[in-house]
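Colleague: The structure's right below; bear with me while I get my questions together.
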Amino acid sequence: MNTPVVNGTVEDQISFLKEHYNEYDFFFLHVKKVDSYGEDGNFEGKAQRLEEFDKLLPEILKLNPEVVVVTGDHSTPCLMKSHSWHPVPVMIRSPFVLGHTSTGFSERECLKGELDILPAAHLMPLTLAHAGRLKKFGA
């Protein structure tokens, strides 16, 4: 099956997600403006885009997905106006999450969670494990 690319707003992406939810095993939504505003040093714009996504997240959760992962593809601090080496916050929502140790979603709050700092290459196996899609984790 061809993988569609939906350009446009986050609202457009979520609309596509809702319309085609049962046709795919997983969806990847990318909020490009968060990265762009970080590269521009536009803290207010970056924060606004993150807040807009936060308000739309319940629309995704209404679909009752097995697993939801919220993260970034890399850190882009406004202060640096560039990609950086800093850890990227990761949140996994599934019935198998043990934690509930964080009270928010930020770099510092995520350090309190059960994932600690992990290499990005570990994220997909963790996601598949949370979805019950692996015969045995780590083997």
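Quick note on naming: the chains in the structure tokens go A, B, ... in the order shown, residues restart at 1 in each chain, and ligands are numbered from 1 in order of appearance.
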Name all residues at most 8 Å from Val31 of chain A (count only C-alpha atoms; drop same-chain ones fewer than 3 positions away) and give them as a list of chain:residue names.
Modeller: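 In the requested form, the answer reads A:Val10, A:Val34, A:Asp35, A:Arg49.
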Colleague: Need to verify the contact set: Tyr37 of chain A, 9 Å, only C-alpha atoms, exclusion of same-chain residues closer than 3 positions in sequence. Can you return it as number ranges by chain?
Modeller: A: 32-34, 40-47, 49, 76, 78, 81
Colleague: Between atom CA of Gly138 of chain A and atom CA of Tyr24 of chain A, measure the distance and give it in Å to one decimal.
Modeller: 25.2 Å
Colleague: Report as a Markdown table: every residue of segment 30-138 of chain A with an atom at most 8 Å from segment 11-17 of chain A, its closest pair of atoms, and their distance in Å to one decimal, counting only C-alpha atoms, with rows sorted by chain and ascending residue number.
Modeller:
```
| residue | atom | partner | partner_atom | distance |
| --- | --- | --- | --- | --- |
| A:Leu56 | CA | A:Glu11 | CA | 7.8 |
| A:Glu59 | CA | A:Ile14 | CA | 7.6 |
| A:Ile60 | CA | A:Ile14 | CA | 7.1 |
```
Colleague: Would you compute the distance between atom CA of Glu114 of chain A and atom CA of Glu52 of chain A? Give it in Å to one decimal.
Modeller: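 Taking atom CA of Glu114 of chain A and atom CA of Glu52 of chain A, their separation equals 26.4 Å.
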Colleague: Just the helix (DSSP H, G or I) stuff from segment 31-134 of chain A, please, per backbone DSSP, written as a ChimeraX atom specification.
Modeller: /A:32-40,43-61,107-110,120-130
Colleague: Would you save the residues of that selection, restricted to C-alpha atoms, as a PDB file, in the first residue's frame?
Modeller:
```pdb
ATOM      1  CA  LYS A  32       7.240  20.879  11.293  1.00  0.00           C
ATOM      2  CA  LYS A  33       6.642  24.427  12.516  1.00  0.00           C
ATOM      3  CA  VAL A  34       7.918  23.499  15.999  1.00  0.00           C
ATOM      4  CA  ASP A  35      11.293  22.718  14.439  1.00  0.00           C
ATOM      5  CA  SER A  36      11.211  25.716  12.074  1.00  0.00           C
ATOM      6  CA  TYR A  37      10.444  28.167  14.857  1.00  0.00           C
ATOM      7  CA  GLY A  38      13.259  26.685  16.946  1.00  0.00           C
ATOM      8  CA  GLU A  39      15.657  27.283  14.059  1.00  0.00           C
ATOM      9  CA  ASP A  40      14.356  30.856  13.749  1.00  0.00           C
ATOM     10  CA  PHE A  43      10.251  30.942  21.200  1.00  0.00           C
ATOM     11  CA  GLU A  44       6.706  32.349  21.202  1.00  0.00           C
ATOM     12  CA  GLY A  45       5.879  30.721  17.855  1.00  0.00           C
ATOM     13  CA  LYS A  46       7.359  27.396  18.922  1.00  0.00           C
ATOM     14  CA  ALA A  47       5.464  27.438  22.220  1.00  0.00           C
ATOM     15  CA  GLN A  48       2.225  28.383  20.411  1.00  0.00           C
ATOM     16  CA  ARG A  49       2.541  25.449  17.970  1.00  0.00           C
ATOM     17  CA  LEU A  50       3.190  23.046  20.855  1.00  0.00           C
ATOM     18  CA  GLU A  51       0.138  24.413  22.705  1.00  0.00           C
ATOM     19  CA  GLU A  52      -1.993  24.035  19.565  1.00  0.00           C
ATOM     20  CA  PHE A  53      -0.958  20.386  19.256  1.00  0.00           C
ATOM     21  CA  ASP A  54      -1.633  19.856  22.950  1.00  0.00           C
ATOM     22  CA  LYS A  55      -5.214  21.077  22.442  1.00  0.00           C
ATOM     23  CA  LEU A  56      -5.668  18.695  19.477  1.00  0.00           C
ATOM     24  CA  LEU A  57      -4.225  15.618  21.194  1.00  0.00           C
ATOM     25  CA  PRO A  58      -7.637  14.629  22.668  1.00  0.00           C
ATOM     26  CA  GLU A  59      -8.908  14.228  19.069  1.00  0.00           C
ATOM     27  CA  ILE A  60      -6.257  11.546  18.547  1.00  0.00           C
ATOM     28  CA  LEU A  61      -6.941   9.909  21.905  1.00  0.00           C
ATOM     29  CA  GLU A 107      12.881  17.924  29.070  1.00  0.00           C
ATOM     30  CA  ARG A 108      13.223  18.083  32.863  1.00  0.00           C
ATOM     31  CA  GLU A 109       9.935  16.324  33.623  1.00  0.00           C
ATOM     32  CA  CYS A 110      10.722  13.479  31.229  1.00  0.00           C
ATOM     33  CA  ALA A 120      16.533   7.021  19.627  1.00  0.00           C
ATOM     34  CA  ALA A 121      17.129   3.589  18.049  1.00  0.00           C
ATOM     35  CA  HIS A 122      15.358   2.066  21.079  1.00  0.00           C
ATOM     36  CA  LEU A 123      12.134   3.999  20.544  1.00  0.00           C
ATOM     37  CA  MET A 124      10.545   1.816  17.843  1.00  0.00           C
ATOM     38  CA  PRO A 125      11.192  -1.474  19.708  1.00  0.00           C
ATOM     39  CA  LEU A 126       9.667   0.102  22.837  1.00  0.00           C
ATOM     40  CA  THR A 127       6.674   1.292  20.843  1.00  0.00           C
ATOM     41  CA  LEU A 128       6.168  -2.152  19.301  1.00  0.00           C
ATOM     42  CA  ALA A 129       6.506  -3.776  22.730  1.00  0.00           C
ATOM     43  CA  HIS A 130       3.870  -1.434  24.195  1.00  0.00           C
TER      44      HIS A 130
END
```
Colleague: Write out as an MDAnalysis selection string all residues of segment 40-90 of chain A that backbone DSSP assigns to strand (DSSP E).
Modeller: chainID A and resid 68:71 90
Colleague: With distances taken over only C-alpha atoms, which of A:Thr103, A:Glu66, A:Leu98, A:Pro89 is nearest to Leu118 of chain A?
Modeller: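 Comparing A:Thr103, A:Glu66, A:Leu98, A:Pro89 against Leu118 of chain A, the winner is A:Pro89.
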Colleague: Find the residues near Asp25 of chain A: any atom within 12 Å, counting only C-alpha atoms, skip ones fewer than 5 places away on the same chain, and give them as a list in words.
Modeller: Met1, Thr3, Leu17, His20, Pro65, Glu66, Val67, Leu128, Ala131 and Arg133 of chain A
Colleague: With distances taken over only C-alpha atoms, which residue among A:Pro95, A:Pro87, A:Pro77, A:Gly72 lies nearest Gly132 of chain A?
Modeller: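 Smallest distance to Gly132 of chain A is found for A:Pro95.
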Colleague: Determine the nearest neighbour of Leu111 of chain A from the options A:Val68, A:Leu63, A:Leu29, A:Met91, counting only C-alpha atoms.
Modeller: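 Looking at the shortest contact to Leu111 of chain A, the residue is A:Met91.
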Colleague: Separation of atom CA of Glu19 of chain A and atom CA of Thr71 of chain A, in Å?
Modeller: 23.3 Å
